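Right, one structure below, let's go through it.
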Amino acid sequence: MSLNSPPPRRFSRRAVELPVRIFIPQSDFEQPQRAFVRDLSQEGARIFSDLPLLPGQTVRLIPNEGLEYAVPGRVVWSRVTETPSGHEAGVEFLAGAL
């Protein structure tokens with residue numbers, strides 16, 4: 001498996017179109033940045049973002065609608081895309097996140 005390839009899935013995923021904000025602790029970005037969740041599962045999410053995310057990086061996903069809460073996660077894989085956002089990443093939710 002390539003470093004840029006997603007690992008095999010353990011849970012089924014659901015296609016969604018969910019705008020979120022992504023916060024990267026201990027980064028140069030002090031404010032949460034825009035992102036979109038495209039696939040969602042019990043275990044994690046596939047997101048598209050303007051930010052280049054790195055495998056192993058911890059993040060917080062904050063839904064744009066509803067209650068104000070942050071879901072902690074860890075970037076498992078990432079790659080550059082030809083989409084307008086430019087970056088795609090798989091985020092694994094951390095234990096007890098949901």
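Chain labels A, B, ... are given in the sequence in which chains occur in the structure tokens; within each chain residues are numbered consecutively from 1, and ligands are likewise numbered from 1 in the order shown.
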
task = Find the residues near Gly44 of chain A: any atom within 8 Å, counting only C-alpha atoms, skip ones fewer than 2 places away on the same chain, and give them as an NGL selection string.
result = :A and (40-42 or 46 or 73 or 90-93)

key: Residue contacts of Thr58 of chain A (9 Å, only C-alpha atoms) excluding same-chain residues fewer than 3 positions away, as number ranges by chain   = A: 23-25, 54-55, 72-75, 91

Mind dumping the selected residues with N, CA and C atoms as a JSON list (two decimals), in the first residue's frame?
[["chain", "number", "residue", "atom", "x", "y", "z"],
["A", 23, "PHE", "N", -9.86, 22.75, 12.55],
["A", 23, "PHE", "CA", -8.88, 23.43, 13.40],
["A", 23, "PHE", "C", -7.71, 22.48, 13.58],
["A", 24, "ILE", "N", -6.51, 23.00, 13.39],
["A", 24, "ILE", "CA", -5.30, 22.19, 13.54],
["A", 24, "ILE", "C", -4.52, 22.74, 14.72],
["A", 25, "PRO", "N", -4.59, 22.05, 15.88],
["A", 25, "PRO", "CA", -3.83, 22.52, 17.04],
["A", 25, "PRO", "C", -2.33, 22.61, 16.73],
["A", 54, "LEU", "N", -1.31, 16.57, 6.94],
["A", 54, "LEU", "CA", -0.25, 15.56, 6.96],
["A", 54, "LEU", "C", -0.69, 14.33, 7.76],
["A", 55, "PRO", "N", -0.40, 13.13, 7.27],
["A", 55, "PRO", "CA", -0.71, 11.94, 8.05],
["A", 55, "PRO", "C", -0.09, 12.03, 9.45],
["A", 72, "PRO", "N", -12.61, 15.45, 17.66],
["A", 72, "PRO", "CA", -11.17, 15.24, 17.49],
["A", 72, "PRO", "C", -10.88, 14.09, 16.54],
["A", 73, "GLY", "N", -9.84, 14.25, 15.74],
["A", 73, "GLY", "CA", -9.45, 13.20, 14.81],
["A", 73, "GLY", "C", -7.97, 13.26, 14.49],
["A", 74, "ARG", "N", -7.55, 12.26, 13.73],
["A", 74, "ARG", "CA", -6.15, 12.18, 13.29],
["A", 74, "ARG", "C", -6.15, 11.90, 11.79],
["A", 75, "VAL", "N", -5.33, 12.62, 11.05],
["A", 75, "VAL", "CA", -5.21, 12.42, 9.60],
["A", 75, "VAL", "C", -4.51, 11.08, 9.36],
["A", 91, "VAL", "N", -9.72, 11.26, 7.75],
["A", 91, "VAL", "CA", -9.57, 11.58, 9.17],
["A", 91, "VAL", "C", -10.23, 10.48, 9.99]]

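If you look at atom CA of Arg14 of chain A and atom CA of Gln31 of chain A, they are 28.3 Å away from each other.
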
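With distances restricted to only C-alpha atoms, A:Glu88 is the closest residue to Arg38 of chain A from A:Asp50, A:Glu82, A:Glu65, A:Glu88.
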
inquiry  = Report, in Å with one decimal, the straight-line distance from atom CA of Arg21 of chain A to atom CA of Val76 of chain A.
reply    = 18.2 Å

message = Please determine, counting only C-alpha atoms, which residue among A:Ala89, A:Val59, A:Leu53, A:Ala70 has the shortest atom-to-atom distance to Val37 of chain A.
response = A:Ala89

task = Going by DSSP on the backbone, which bits of segment 33-72 of chain A are strand (DSSP E or B)? Write them as a ChimeraX atom specification, please.
result = /A:33-41,44-49,58-63,71-72

So that I have them on file, write out the residues from the current selection with N, CA and C atoms, as a short mmCIF file (atom, residue, chain, number, x, y, z; two decimals), in the first residue's frame.
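Below is the file selection_32.cif, written as the result:
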data_model
loop_
_atom_site.label_atom_id
_atom_site.label_comp_id
_atom_site.auth_asym_id
_atom_site.auth_seq_id
_atom_site.Cartn_x
_atom_site.Cartn_y
_atom_site.Cartn_z
N GLN A 33 -10.36 26.64 9.61
CA GLN A 33 -10.43 26.85 8.17
C GLN A 33 -11.60 26.06 7.58
N ARG A 34 -12.11 26.51 6.44
CA ARG A 34 -13.23 25.82 5.77
C ARG A 34 -12.80 24.46 5.24
N ALA A 35 -13.73 23.51 5.31
CA ALA A 35 -13.52 22.19 4.73
C ALA A 35 -14.89 21.58 4.46
N PHE A 36 -14.92 20.48 3.73
CA PHE A 36 -16.16 19.78 3.44
C PHE A 36 -15.97 18.29 3.69
N VAL A 37 -16.90 17.70 4.43
CA VAL A 37 -16.92 16.25 4.60
C VAL A 37 -17.70 15.69 3.42
N ARG A 38 -17.11 14.71 2.72
CA ARG A 38 -17.76 14.09 1.56
C ARG A 38 -18.23 12.67 1.86
N ASP A 39 -17.51 11.97 2.71
CA ASP A 39 -17.88 10.62 3.13
C ASP A 39 -17.78 10.56 4.64
N LEU A 40 -18.72 9.86 5.26
CA LEU A 40 -18.75 9.78 6.71
C LEU A 40 -19.03 8.35 7.12
N SER A 41 -18.32 7.87 8.13
CA SER A 41 -18.56 6.54 8.68
C SER A 41 -18.51 6.63 10.19
N GLY A 44 -14.72 7.53 10.84
CA GLY A 44 -14.01 8.71 10.37
C GLY A 44 -14.70 9.39 9.21
N ALA A 45 -13.95 10.24 8.52
CA ALA A 45 -14.51 11.04 7.43
C ALA A 45 -13.46 11.29 6.36
N ARG A 46 -13.94 11.47 5.13
CA ARG A 46 -13.06 11.93 4.05
C ARG A 46 -13.41 13.39 3.85
N ILE A 47 -12.40 14.24 3.90
CA ILE A 47 -12.64 15.68 3.81
C ILE A 47 -11.86 16.28 2.65
N PHE A 48 -12.38 17.40 2.16
CA PHE A 48 -11.70 18.21 1.16
C PHE A 48 -11.44 19.56 1.79
N SER A 49 -10.22 20.07 1.61
CA SER A 49 -9.81 21.30 2.28
C SER A 49 -8.79 22.05 1.44
N THR A 58 -3.06 15.83 14.23
CA THR A 58 -4.34 15.85 14.92
C THR A 58 -5.13 17.07 14.48
N VAL A 59 -6.44 16.90 14.35
CA VAL A 59 -7.33 17.97 13.90
C VAL A 59 -8.59 17.96 14.73
N ARG A 60 -9.36 19.00 14.62
CA ARG A 60 -10.69 19.09 15.22
C ARG A 60 -11.64 19.52 14.10
N LEU A 61 -12.70 18.74 13.90
CA LEU A 61 -13.72 19.08 12.91
C LEU A 61 -14.90 19.70 13.64
N ILE A 62 -15.33 20.87 13.17
CA ILE A 62 -16.41 21.61 13.82
C ILE A 62 -17.52 21.80 12.80
N PRO A 63 -18.70 21.18 13.01
CA PRO A 63 -19.81 21.36 12.07
C PRO A 63 -20.22 22.83 11.97
N VAL A 71 -15.07 17.67 16.94
CA VAL A 71 -14.82 16.24 16.92
C VAL A 71 -13.32 16.04 16.69
N PRO A 72 -12.61 15.45 17.66
CA PRO A 72 -11.17 15.24 17.49
C PRO A 72 -10.88 14.09 16.54
#

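Here atom CA of Val20 of chain A is placed at a distance of 13.1 Å from atom CA of Leu51 of chain A.
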
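Residue nearest Gly86 of chain A within the list A:Asn64, A:Glu43, A:Leu18, A:Pro52: A:Pro52 [criterion: smallest interatomic distance, only C-alpha atoms].
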